[in-house]
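Q: Once you've had a glance at the structure underneath, I'll fire off some questions.
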Amino acid sequence: MIKNICCIGAGYVGGPTMAVIAQKCPHIKVTVVDLNEARIKAWNNEDVSKLPIYEPGLDEVVKEARGRNLFFSTDVDKAIDEAEMIFISVNTPTKTYGVGKGMAADLKYIELCARQIARVAKTNKIVVEKSTLPVRTAQAVKDILDNTGNGVQFQILSNPEFLAEGTAIEDLFQPDRVLIGGDTTPEGQQAINALVEVYANWVDKDKILTTNVWSSELSKLTANAFLAQRVSSINALSELCEKTGADVNEVARAIGTDSRIGSKFLKSSVGFGGSCFQKDILNLVYIAKSYGLQEVADYWEQVIIMNDHQKRRFAKNIINTLYNTVSGKKIAFLGWAFKKDTNDTRESAAIYVADYLLAEQAKIAVYDPKVETHQIYSDLDYLESRSPEENKKGISIFANPYEACENSHAIAVLTEWDEFKFYDWQKIYDAMLKPAFVFDGRNILDREKLEKIGFKYQGIGK
Ligand code: UDX
Ligand code: ADP
């Protein structure tokens with residue numbers, strides 16, 4: 001039975017997942033390690049409202065388990081040495097250089113982890129891939145471990161993450177399923193069973209699916225590709241709705257009641273974001289291309305093309321509506337995160353809409369309840385469309401939504417934070433320049449109420 005787990009990478013996946021394993025399995029010591037000292041320090045903050053990632057319910061879980069059987073540390077070697085099971089939860093961004101640039105996953109961090117495990121391990125280990133990885137990464141990790149290790153035995157498992165940010169704790173408490181892939185050899189099956197027993201502390205065994213490694217790895221990419229495809233499909237229809245006078249919300253409701261289609265993931269929006277969807281589809285496209293499957297690659301790539309179009313279309317519509325120029329105009333952004341209830345901004349539609357409007361010399365005023373100021377600037381600087389100084393000049397960040405909206409020509413809703421619905425919209429209207437426009441990129445505000453106040457309201461797809 002596993003008594004000691006180590007997780008390399010204390011991010012959006014590793015942090016919450018290990019906190020929940022520790023809370024549900026008090027008999028297992030769980031140590032989460034990361035190279036980033038500031039991040040580990042934040043995980044160890046006495047005040048659990050200051051953890052490095054924001055996730056509803058996470059603070060309570062950490063409060064209960066931390067110091068008991070949950071530990072956060074920068075001593076990677078020690079944690080590897082002590083553990084029987086090692087989760088790899090490091091980031092796997094899309095490559096920004098060389099072969100596969102803009103498409104393949106950069107496995108640099110994974111490889112570094114594998115080499116470190118090989119160097120340090122003195123006893124047999126089960127290594128679990130937790131990051132989203134392209135198919136066949138497990139083989140690469142296995143090659144490194146088997147050829148550079150100290151003669152100890154390694155079993156590699158794939159255990160993809162299906163948690164969605166903002167509902168991570170709920171998703172971990174009550175997963176639809178847990179997927180574990182491993183070798184079909186007796187040793188592989190033994191390793192699978194060891195991980196099944198960890199999850200079985202709180203998950204019904206009939207929800208724990210076991211497969212071979214390749215199926216498990218590919219299932220993760222496929223699940224995200226299907227989900228993203230639904231969003232792009234409804235977004236494609238939103239443009240048609242706007243032309244024809246149909247209402248995309250009504251269409252979504254009508255088709256969602258068909259039990260074969262289902263009602264989830266049919267919310268039309270300014271575009272999907274997050275660290276997984278785009279990266280996973282690009283991966284799928286890259287893998288398909290590398291096997292010469294051009295039609296398969298093109299089919300999935302279209303989901304991304306549609307998403308890029310949706311973000312650009314939203315920005316263009318703001319420009320067109322504001323009399324074809326936003327130069328020098330103040331546009332307030334409500335929300336910067338890629339979805340509500342998270343402070344994660346990776347691939348957020350807000351970044352691309354802002355970039356587009358900045359190119360038209362708009363002045364952007366951002367308010368987000370959870371995203372920190374430095375993150376917003378670094379998201380824009382990362383695009384390298386203009387210098388950091390120019391980004392600082394073009395964007396100002398407010399801690400108060402009313403101040404962000406004051407004297408603005410238009411408001412753009414980029415994230416569906418609940419609090420936006422409950423603002424004093426009359427007060428916001430009074431302080432804005434007229435005509436006062438609202439571009440609701442999430443279709444969350446009450447159109448009728450806003451129009452009654454005097455706003456010119458535009459949602460997506462109606
Ligand atoms: C996703 C998967 O859901 C999860 O299983 C996987 O482990 C990681 O990737 P996440 O990226 O955290 O999770 O968020 P998700 O809820 O899937 O939303 C992704 C993006 O799609 C967000 O920008 C969201 O706003 C957008 N979206 C989602 C829509 O625009 N419309 C919808 O109907 C649903
Ligand atoms: P995810 O959403 O996949 O959890 P994050 O970027 O939030 O991604 O977290 C990944 C974490 O992994 C980061 O905090 C990063 O510092 C850490 N990391 C990357 N490489 C290593 C490594 N070799 N050893 C330890 N930690 C690492």
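Identifiers for the structure tokens are assigned positionally: chains receive A, B, ... in sequence, residues are indexed from 1 per chain, and ligands are indexed from 1 in the order shown.
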Excluding segment 425-428 of chain A and residues on its chain fewer than 6 positions from it, collect all residues at most 9 Å away from it, counting only C-alpha atoms, and give them as number ranges by chain.
A: A: 401-403, 405-406, 449-450, 453-454
Q: What are the DSSP strand (DSSP E or B) residues of segment 229-444 of chain A, as a ChimeraX atom specification?
A: /A:330-334,363-367,395-397,410-413,437-440
Q: Residues up to 6 Å from ligand 1, counting only C-alpha atoms and all ligand atoms: could you list those as JSON, numbers by chain?
A: {"A": [161, 162, 163, 164, 165, 224, 231, 265, 266, 267, 268, 269, 271, 272, 273, 274, 275, 276, 277, 338, 339]}
Q: Go ahead and save the picked residues with all heavy atoms, as a short mmCIF file (atom, residue, chain, number, x, y, z; two decimals), in the first residue's frame.
A:
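This went into result.cif:
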data_model
loop_
_atom_site.label_atom_id
_atom_site.label_comp_id
_atom_site.auth_asym_id
_atom_site.auth_seq_id
_atom_site.Cartn_x
_atom_site.Cartn_y
_atom_site.Cartn_z
N GLU A 161 -5.81 14.45 -15.97
CA GLU A 161 -6.62 15.29 -15.10
C GLU A 161 -7.85 15.76 -15.85
O GLU A 161 -7.74 16.27 -16.95
CB GLU A 161 -5.76 16.49 -14.69
CG GLU A 161 -6.38 17.31 -13.62
CD GLU A 161 -6.84 16.42 -12.48
OE1 GLU A 161 -6.00 15.99 -11.71
OE2 GLU A 161 -8.06 16.14 -12.37
N PHE A 162 -9.01 15.62 -15.25
CA PHE A 162 -10.22 16.12 -15.90
C PHE A 162 -10.85 17.28 -15.12
O PHE A 162 -11.93 17.73 -15.44
CB PHE A 162 -11.25 15.00 -16.07
CG PHE A 162 -10.80 13.93 -17.04
CD1 PHE A 162 -10.42 12.68 -16.61
CD2 PHE A 162 -10.73 14.22 -18.40
CE1 PHE A 162 -9.99 11.71 -17.51
CE2 PHE A 162 -10.29 13.26 -19.31
CZ PHE A 162 -9.93 12.00 -18.86
N LEU A 163 -10.16 17.75 -14.07
CA LEU A 163 -10.77 18.82 -13.29
C LEU A 163 -10.82 20.10 -14.13
O LEU A 163 -9.93 20.36 -14.93
CB LEU A 163 -10.02 19.06 -11.99
CG LEU A 163 -8.57 19.54 -12.01
CD1 LEU A 163 -8.45 21.02 -12.22
CD2 LEU A 163 -7.91 19.15 -10.71
N ALA A 164 -11.87 20.85 -13.94
CA ALA A 164 -11.97 22.16 -14.59
C ALA A 164 -11.71 23.22 -13.54
O ALA A 164 -12.17 23.11 -12.39
CB ALA A 164 -13.36 22.34 -15.20
N GLU A 165 -10.96 24.22 -13.91
CA GLU A 165 -10.66 25.27 -12.94
C GLU A 165 -11.93 26.00 -12.54
O GLU A 165 -12.85 26.14 -13.35
CB GLU A 165 -9.62 26.23 -13.52
CG GLU A 165 -8.26 25.56 -13.58
CD GLU A 165 -7.22 26.36 -14.34
OE1 GLU A 165 -7.31 27.59 -14.34
OE2 GLU A 165 -6.33 25.73 -14.93
N ASN A 224 -10.91 16.89 -24.25
CA ASN A 224 -10.81 18.35 -24.38
C ASN A 224 -11.15 18.81 -25.79
O ASN A 224 -11.76 19.87 -25.97
CB ASN A 224 -9.43 18.83 -23.94
CG ASN A 224 -9.36 18.95 -22.43
OD1 ASN A 224 -10.38 19.03 -21.75
ND2 ASN A 224 -8.16 18.96 -21.88
N VAL A 231 -17.95 24.28 -27.98
CA VAL A 231 -17.95 25.74 -27.83
C VAL A 231 -17.77 26.40 -29.20
O VAL A 231 -18.49 27.34 -29.55
CB VAL A 231 -16.85 26.20 -26.84
CG1 VAL A 231 -16.85 27.71 -26.72
CG2 VAL A 231 -17.07 25.56 -25.47
N PHE A 265 -21.90 22.86 -21.99
CA PHE A 265 -20.91 23.35 -22.97
C PHE A 265 -21.54 23.86 -24.27
O PHE A 265 -21.04 23.63 -25.35
CB PHE A 265 -19.84 22.28 -23.26
CG PHE A 265 -18.66 22.47 -22.35
CD1 PHE A 265 -18.74 22.11 -21.02
CD2 PHE A 265 -17.51 23.07 -22.82
CE1 PHE A 265 -17.68 22.34 -20.16
CE2 PHE A 265 -16.44 23.29 -21.97
CZ PHE A 265 -16.53 22.93 -20.64
N LEU A 266 -22.66 24.56 -24.09
CA LEU A 266 -23.31 25.17 -25.25
C LEU A 266 -23.47 26.67 -25.05
O LEU A 266 -24.32 27.30 -25.67
CB LEU A 266 -24.69 24.53 -25.48
CG LEU A 266 -24.69 23.11 -26.04
CD1 LEU A 266 -26.11 22.58 -26.16
CD2 LEU A 266 -24.01 23.07 -27.41
N LYS A 267 -22.65 27.22 -24.15
CA LYS A 267 -22.76 28.67 -23.92
C LYS A 267 -21.88 29.41 -24.91
O LYS A 267 -20.66 29.27 -24.90
CB LYS A 267 -22.32 29.01 -22.50
CG LYS A 267 -23.40 28.80 -21.49
CD LYS A 267 -23.06 29.56 -20.20
CE LYS A 267 -23.55 28.80 -19.01
NZ LYS A 267 -22.54 27.91 -18.43
N SER A 268 -22.54 30.19 -25.74
CA SER A 268 -21.79 30.97 -26.69
C SER A 268 -21.02 32.06 -25.95
O SER A 268 -21.51 32.60 -24.97
CB SER A 268 -22.77 31.59 -27.68
OG SER A 268 -22.08 32.17 -28.72
N SER A 269 -19.81 32.34 -26.39
CA SER A 269 -18.98 33.29 -25.66
C SER A 269 -18.02 33.98 -26.60
O SER A 269 -17.96 33.69 -27.79
CB SER A 269 -18.18 32.56 -24.58
OG SER A 269 -17.21 31.73 -25.18
N GLY A 271 -15.14 33.40 -26.76
CA GLY A 271 -14.14 32.40 -27.17
C GLY A 271 -13.61 31.64 -25.97
O GLY A 271 -13.54 32.19 -24.88
N PHE A 272 -13.26 30.39 -26.19
CA PHE A 272 -12.72 29.63 -25.05
C PHE A 272 -11.26 29.98 -24.82
O PHE A 272 -10.55 30.39 -25.72
CB PHE A 272 -12.91 28.12 -25.25
CG PHE A 272 -12.19 27.52 -26.44
CD1 PHE A 272 -10.82 27.33 -26.44
CD2 PHE A 272 -12.92 27.11 -27.55
CE1 PHE A 272 -10.17 26.75 -27.53
CE2 PHE A 272 -12.28 26.53 -28.65
CZ PHE A 272 -10.90 26.35 -28.64
N GLY A 273 -10.86 29.81 -23.54
CA GLY A 273 -9.46 30.02 -23.17
C GLY A 273 -9.04 28.89 -22.25
O GLY A 273 -9.65 27.82 -22.25
N GLY A 274 -8.02 29.16 -21.44
CA GLY A 274 -7.55 28.14 -20.51
C GLY A 274 -6.31 27.44 -21.03
O GLY A 274 -6.00 27.52 -22.22
N SER A 275 -5.65 26.75 -20.13
CA SER A 275 -4.35 26.18 -20.49
C SER A 275 -4.48 24.91 -21.31
O SER A 275 -3.51 24.44 -21.89
CB SER A 275 -3.55 25.89 -19.23
OG SER A 275 -4.15 24.84 -18.52
N CYS A 276 -5.69 24.32 -21.38
CA CYS A 276 -5.79 23.00 -21.99
C CYS A 276 -6.34 22.95 -23.41
O CYS A 276 -5.74 22.31 -24.27
CB CYS A 276 -6.68 22.10 -21.13
SG CYS A 276 -5.84 21.55 -19.65
N PHE A 277 -7.48 23.60 -23.64
CA PHE A 277 -8.20 23.36 -24.90
C PHE A 277 -7.32 23.57 -26.14
O PHE A 277 -7.17 22.68 -26.97
CB PHE A 277 -9.44 24.25 -24.99
CG PHE A 277 -10.62 23.75 -24.20
CD1 PHE A 277 -10.48 22.66 -23.36
CD2 PHE A 277 -11.85 24.36 -24.31
CE1 PHE A 277 -11.57 22.18 -22.64
CE2 PHE A 277 -12.95 23.90 -23.59
CZ PHE A 277 -12.80 22.81 -22.75
N PHE A 338 -9.81 33.53 -17.71
CA PHE A 338 -10.38 32.83 -18.87
C PHE A 338 -11.76 32.27 -18.59
O PHE A 338 -12.49 31.89 -19.51
CB PHE A 338 -9.43 31.74 -19.37
CG PHE A 338 -9.46 30.44 -18.62
CD1 PHE A 338 -10.22 29.37 -19.08
CD2 PHE A 338 -8.73 30.27 -17.46
CE1 PHE A 338 -10.25 28.16 -18.40
CE2 PHE A 338 -8.76 29.07 -16.76
CZ PHE A 338 -9.53 28.02 -17.22
N LYS A 339 -12.15 32.22 -17.31
CA LYS A 339 -13.50 31.86 -16.90
C LYS A 339 -13.68 32.33 -15.47
O LYS A 339 -12.70 32.76 -14.84
CB LYS A 339 -13.73 30.35 -17.02
CG LYS A 339 -12.83 29.55 -16.08
CD LYS A 339 -12.89 28.06 -16.32
CE LYS A 339 -14.09 27.42 -15.69
NZ LYS A 339 -13.93 25.94 -15.60
#
Q: Taking only C-alpha atoms and all ligand atoms into account, list the residues no farther than 8 Å from ligand 2, as number ranges by chain.
A: A: 8-15, 33-36, 39, 74, 76, 89-92, 109-110, 112-113, 116, 131-132, 275
Q: Could you save the residues just selected, with N, CA and C atoms, as a short mmCIF file (atom, residue, chain, number, x, y, z; two decimals), in the first residue's frame?
A:
data_model
loop_
_atom_site.label_atom_id
_atom_site.label_comp_id
_atom_site.auth_asym_id
_atom_site.auth_seq_id
_atom_site.Cartn_x
_atom_site.Cartn_y
_atom_site.Cartn_z
N ILE A 8 5.59 16.53 -8.29
CA ILE A 8 6.48 17.57 -8.80
C ILE A 8 5.64 18.57 -9.60
N GLY A 9 5.60 19.81 -9.13
CA GLY A 9 4.79 20.85 -9.77
C GLY A 9 3.63 21.24 -8.87
N ALA A 10 3.68 22.48 -8.35
CA ALA A 10 2.65 22.94 -7.42
C ALA A 10 1.75 23.97 -8.08
N GLY A 11 1.21 23.62 -9.26
CA GLY A 11 0.40 24.57 -10.01
C GLY A 11 -1.08 24.32 -9.87
N TYR A 12 -1.83 24.68 -10.91
CA TYR A 12 -3.29 24.57 -10.90
C TYR A 12 -3.75 23.11 -10.85
N VAL A 13 -2.92 22.21 -11.36
CA VAL A 13 -3.28 20.79 -11.31
C VAL A 13 -2.72 20.13 -10.05
N GLY A 14 -1.39 20.22 -9.87
CA GLY A 14 -0.74 19.54 -8.76
C GLY A 14 -1.26 19.98 -7.40
N GLY A 15 -1.42 21.28 -7.22
CA GLY A 15 -1.82 21.81 -5.91
C GLY A 15 -3.16 21.25 -5.44
N VAL A 33 6.24 19.43 -4.43
CA VAL A 33 7.47 20.20 -4.57
C VAL A 33 7.44 21.03 -5.85
N ASP A 34 8.18 22.13 -5.80
CA ASP A 34 8.25 23.00 -6.98
C ASP A 34 9.58 23.75 -6.92
N LEU A 35 10.12 24.08 -8.09
CA LEU A 35 11.37 24.85 -8.15
C LEU A 35 11.11 26.30 -7.77
N ASN A 36 9.89 26.74 -7.95
CA ASN A 36 9.53 28.13 -7.74
C ASN A 36 9.32 28.40 -6.24
N ARG A 39 6.28 30.41 -5.07
CA ARG A 39 5.03 29.65 -5.13
C ARG A 39 4.89 28.74 -3.90
N THR A 74 10.51 22.96 -1.44
CA THR A 74 11.34 23.14 -2.63
C THR A 74 12.42 22.05 -2.71
N VAL A 76 13.21 19.07 -3.85
CA VAL A 76 12.68 18.09 -4.80
C VAL A 76 13.34 16.73 -4.59
N SER A 89 3.42 16.82 -12.38
CA SER A 89 2.39 17.82 -12.72
C SER A 89 3.03 19.13 -13.12
N VAL A 90 4.06 19.04 -13.95
CA VAL A 90 4.71 20.28 -14.38
C VAL A 90 4.03 20.77 -15.65
N ASN A 91 4.31 22.02 -15.99
CA ASN A 91 3.62 22.59 -17.15
C ASN A 91 4.21 22.09 -18.46
N THR A 92 3.36 21.96 -19.45
CA THR A 92 3.79 21.50 -20.77
C THR A 92 3.27 22.48 -21.82
N TYR A 109 10.26 20.37 -19.60
CA TYR A 109 10.11 20.28 -18.14
C TYR A 109 9.88 18.83 -17.70
N ILE A 110 9.14 18.10 -18.52
CA ILE A 110 8.89 16.70 -18.21
C ILE A 110 10.21 15.91 -18.25
N LEU A 112 13.21 17.04 -17.84
CA LEU A 112 14.05 17.40 -16.69
C LEU A 112 13.62 16.62 -15.45
N CYS A 113 12.30 16.51 -15.27
CA CYS A 113 11.77 15.76 -14.13
C CYS A 113 12.20 14.30 -14.19
N GLN A 116 15.75 13.91 -13.30
CA GLN A 116 15.97 14.13 -11.87
C GLN A 116 15.53 12.89 -11.07
N SER A 131 0.31 15.71 -15.89
CA SER A 131 0.15 16.85 -16.79
C SER A 131 -0.55 16.38 -18.05
N THR A 132 -1.10 17.32 -18.82
CA THR A 132 -1.65 16.95 -20.12
C THR A 132 -0.49 16.75 -21.06
N SER A 275 -5.65 26.75 -20.13
CA SER A 275 -4.35 26.18 -20.49
C SER A 275 -4.48 24.91 -21.31
#
Q: Could you tell me how far atom CA of Leu380 of chain A sits from atom CA of Lys421 of chain A, in Å to one decimal place?
A: 27.1 Å
Q: With a distance cut-off of 8 Å and only C-alpha atoms, select the neighbouring residues of segment 369-379 of chain A, excluding the residue or stretch itself and same-chain residues fewer than 6 positions from it, and output the selection as a list in words.
A: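 Counting only C-alpha atoms, the residues come to Tyr54, Gly335, Trp336, Ala337, Thr342, Asn343, Asp344, Thr345, Arg346, Ile351, Pro388, Asn391, Lys392, Ile397 and Ala399 of chain A.
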Q: What's the 12 Å shell around Lys329 of chain A, counting only C-alpha atoms, without same-chain residues fewer than 3 positions away, as a CSV table (one decimal) with N, CA, C and O atoms, in the first residue's frame?
A:
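Below is the file that was written, result_19.csv:
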chain,number,residue,atom,x,y,z
A,318,ILE,N,-16.7,45.8,-31.6
A,318,ILE,CA,-16.6,47.0,-30.7
A,318,ILE,C,-16.1,48.2,-31.5
A,318,ILE,O,-16.7,49.3,-31.4
A,319,ILE,N,-15.1,48.0,-32.3
A,319,ILE,CA,-14.6,49.1,-33.1
A,319,ILE,C,-15.6,49.6,-34.1
A,319,ILE,O,-15.9,50.8,-34.1
A,322,LEU,N,-18.3,51.6,-32.3
A,322,LEU,CA,-17.9,52.9,-31.8
A,322,LEU,C,-17.5,53.8,-32.9
A,322,LEU,O,-16.4,54.4,-32.9
A,323,TYR,N,-18.3,53.8,-34.0
A,323,TYR,CA,-18.1,54.6,-35.1
A,323,TYR,C,-16.7,54.5,-35.8
A,323,TYR,O,-16.1,55.4,-36.2
A,324,ASN,N,-16.3,53.2,-35.9
A,324,ASN,CA,-15.1,52.8,-36.6
A,324,ASN,C,-13.8,53.4,-36.0
A,324,ASN,O,-12.8,53.3,-36.7
A,325,THR,N,-13.8,53.9,-34.8
A,325,THR,CA,-12.5,54.2,-34.2
A,325,THR,C,-12.6,54.1,-32.7
A,325,THR,O,-13.6,54.5,-32.1
A,326,VAL,N,-11.6,53.5,-32.1
A,326,VAL,CA,-11.5,53.5,-30.7
A,326,VAL,C,-10.3,54.2,-30.2
A,326,VAL,O,-9.9,54.2,-29.0
A,332,ALA,N,-13.8,49.8,-20.9
A,332,ALA,CA,-13.6,49.1,-19.6
A,332,ALA,C,-13.8,47.6,-19.8
A,332,ALA,O,-14.8,47.2,-20.5
A,357,LEU,N,-7.5,45.7,-29.6
A,357,LEU,CA,-8.0,47.0,-29.4
A,357,LEU,C,-6.8,48.0,-29.1
A,357,LEU,O,-6.9,49.2,-29.5
A,358,LEU,N,-5.8,47.5,-28.5
A,358,LEU,CA,-4.6,48.3,-28.3
A,358,LEU,C,-4.0,48.7,-29.6
A,358,LEU,O,-3.4,49.8,-29.8
A,360,GLU,N,-5.5,49.4,-32.1
A,360,GLU,CA,-6.3,50.5,-32.6
A,360,GLU,C,-6.3,51.7,-31.7
A,360,GLU,O,-7.1,52.6,-31.7
A,361,GLN,N,-5.3,51.7,-30.8
A,361,GLN,CA,-5.0,52.8,-29.9
A,361,GLN,C,-6.1,53.1,-28.9
A,361,GLN,O,-6.2,54.2,-28.4
A,362,ALA,N,-6.8,52.0,-28.5
A,362,ALA,CA,-7.8,52.2,-27.4
A,362,ALA,C,-7.0,52.3,-26.1
A,362,ALA,O,-5.9,51.9,-25.9
A,363,LYS,N,-7.7,52.9,-25.1
A,363,LYS,CA,-7.2,52.9,-23.7
A,363,LYS,C,-8.1,51.9,-22.9
A,363,LYS,O,-9.3,52.1,-22.8
A,364,ILE,N,-7.4,50.9,-22.4
A,364,ILE,CA,-8.2,49.8,-21.8
A,364,ILE,C,-8.1,49.9,-20.2
A,364,ILE,O,-7.0,50.1,-19.7
A,365,ALA,N,-9.2,49.8,-19.6
A,365,ALA,CA,-9.3,49.9,-18.1
A,365,ALA,C,-9.8,48.5,-17.6
A,365,ALA,O,-10.9,48.1,-18.0
A,394,GLY,N,-1.1,51.7,-22.4
A,394,GLY,CA,-2.4,51.5,-23.0
A,394,GLY,C,-3.4,50.9,-22.0
A,394,GLY,O,-4.6,51.0,-22.2
A,395,ILE,N,-2.9,50.2,-21.0
A,395,ILE,CA,-3.8,49.5,-20.1
A,395,ILE,C,-3.7,50.1,-18.7
A,395,ILE,O,-2.6,50.2,-18.2
A,405,CYS,N,-15.1,51.7,-15.0
A,405,CYS,CA,-16.1,52.1,-16.0
A,405,CYS,C,-16.3,53.6,-16.1
A,405,CYS,O,-16.9,54.0,-17.1
A,407,ASN,N,-16.2,57.3,-17.0
A,407,ASN,CA,-15.8,58.0,-18.2
A,407,ASN,C,-15.4,57.1,-19.4
A,407,ASN,O,-14.7,57.5,-20.2
A,408,SER,N,-15.9,55.9,-19.3
A,408,SER,CA,-15.6,55.0,-20.5
A,408,SER,C,-16.6,55.2,-21.6
A,408,SER,O,-17.7,55.6,-21.3
A,409,HIS,N,-16.2,54.8,-22.8
A,409,HIS,CA,-17.1,54.8,-23.9
A,409,HIS,C,-17.9,53.5,-24.0
A,409,HIS,O,-19.0,53.5,-24.5
A,410,ALA,N,-17.3,52.5,-23.5
A,410,ALA,CA,-17.9,51.2,-23.6
A,410,ALA,C,-17.4,50.2,-22.6
A,410,ALA,O,-16.3,50.4,-22.1
A,411,ILE,N,-18.2,49.2,-22.2
A,411,ILE,CA,-17.8,48.2,-21.3
A,411,ILE,C,-17.8,46.9,-22.1
A,411,ILE,O,-18.8,46.6,-22.8
A,432,MET,N,-20.7,57.1,-17.2
A,432,MET,CA,-20.1,56.8,-18.5
A,432,MET,C,-20.4,57.9,-19.5
A,432,MET,O,-21.3,58.7,-19.4
A,433,LEU,N,-19.6,57.9,-20.6
A,433,LEU,CA,-19.9,58.8,-21.7
A,433,LEU,C,-21.0,58.2,-22.5
A,433,LEU,O,-21.2,57.0,-22.5
Q: Enter the distance from atom CA of Leu237 of chain A to atom CA of Ser348 of chain A, in Å, rounded to one decimal.
A: 21.1 Å
Q: Show me, as a PyMOL selection string, the residues that have an atom within 10 Å of Glu111 of chain A when counting only C-alpha atoms, minus same-chain residues fewer than 6 positions from it.
A: chain A and resi 117+137+140-141+144-145
Q: Residues near Arg136 of chain A, anyone? I mean within 12 Å using only C-alpha atoms, not counting same-chain ones fewer than 4 positions away, as a ChimeraX atom specification.
A: /A:105,107,129,132,140-143,156-158,181,212-218,283,287
Q: Hey, can you spit out that residue selection with N, CA and C atoms as a short mmCIF file (atom, residue, chain, number, x, y, z; two decimals), in the first residue's frame?
A:
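File produced: again.cif:
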data_model
loop_
_atom_site.label_atom_id
_atom_site.label_comp_id
_atom_site.auth_asym_id
_atom_site.auth_seq_id
_atom_site.Cartn_x
_atom_site.Cartn_y
_atom_site.Cartn_z
N ALA A 105 3.77 20.07 -27.98
CA ALA A 105 3.98 20.42 -26.58
C ALA A 105 5.48 20.42 -26.30
N LEU A 107 8.23 19.44 -24.12
CA LEU A 107 8.39 18.43 -23.07
C LEU A 107 9.64 18.63 -22.22
N GLU A 129 2.05 10.21 -14.77
CA GLU A 129 1.92 11.42 -15.59
C GLU A 129 0.59 12.07 -15.26
N THR A 132 -1.10 17.32 -18.82
CA THR A 132 -1.65 16.95 -20.12
C THR A 132 -0.49 16.75 -21.06
N ALA A 140 8.63 8.09 -23.67
CA ALA A 140 9.85 8.89 -23.55
C ALA A 140 10.34 8.90 -22.11
N VAL A 141 9.40 9.08 -21.18
CA VAL A 141 9.77 9.09 -19.76
C VAL A 141 10.37 7.74 -19.37
N LYS A 142 9.76 6.69 -19.87
CA LYS A 142 10.22 5.33 -19.56
C LYS A 142 11.65 5.11 -20.08
N ASP A 143 11.88 5.56 -21.33
CA ASP A 143 13.22 5.41 -21.92
C ASP A 143 14.27 6.08 -21.04
N ILE A 156 5.44 3.30 -15.25
CA ILE A 156 4.89 4.60 -15.66
C ILE A 156 3.38 4.45 -15.84
N LEU A 157 2.64 5.32 -15.18
CA LEU A 157 1.19 5.33 -15.35
C LEU A 157 0.76 6.66 -15.96
N SER A 158 -0.33 6.62 -16.70
CA SER A 158 -0.94 7.87 -17.16
C SER A 158 -2.24 8.04 -16.39
N GLY A 181 -4.04 4.70 -16.89
CA GLY A 181 -3.47 3.85 -17.94
C GLY A 181 -2.14 3.28 -17.48
N ASN A 212 -4.91 0.83 -21.30
CA ASN A 212 -3.47 0.87 -21.56
C ASN A 212 -3.03 2.33 -21.62
N VAL A 213 -1.73 2.54 -21.57
CA VAL A 213 -1.21 3.90 -21.44
C VAL A 213 -1.64 4.79 -22.61
N TRP A 214 -1.59 4.24 -23.84
CA TRP A 214 -1.86 5.08 -25.01
C TRP A 214 -3.32 5.52 -25.02
N SER A 215 -4.23 4.62 -24.67
CA SER A 215 -5.66 4.99 -24.65
C SER A 215 -5.88 6.10 -23.63
N SER A 216 -5.23 5.97 -22.48
CA SER A 216 -5.42 6.96 -21.45
C SER A 216 -4.92 8.33 -21.91
N GLU A 217 -3.75 8.35 -22.47
CA GLU A 217 -3.19 9.63 -22.94
C GLU A 217 -4.07 10.24 -24.03
N LEU A 218 -4.50 9.42 -24.97
CA LEU A 218 -5.30 9.96 -26.07
C LEU A 218 -6.70 10.38 -25.60
N ASN A 283 -1.98 19.78 -30.11
CA ASN A 283 -1.26 18.52 -29.96
C ASN A 283 -1.84 17.42 -30.83
N ILE A 287 0.01 15.57 -33.82
CA ILE A 287 0.16 14.10 -33.87
C ILE A 287 -0.42 13.56 -35.18
#
Q: Excluding same-chain residues fewer than 3 positions from segment 184-199 of chain A, what lies within 12 Å of it counting only C-alpha atoms, as number ranges by chain?
A: A: 1-5, 17-18, 20-30, 84-87, 124-129, 153-159, 172-175, 177-181, 202-214
Q: Among segment 103-211 of chain A, which ones does DSSP place in helix (DSSP H, G or I), written as a ChimeraX atom specification?
A: /A:108-120,137-148,168-173,186-199,205-207
Q: So what do you get for atom CA of Asn249 of chain A versus atom CA of Val353 of chain A, distance-wise?
A: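 A separation of 22.5 Å between them.
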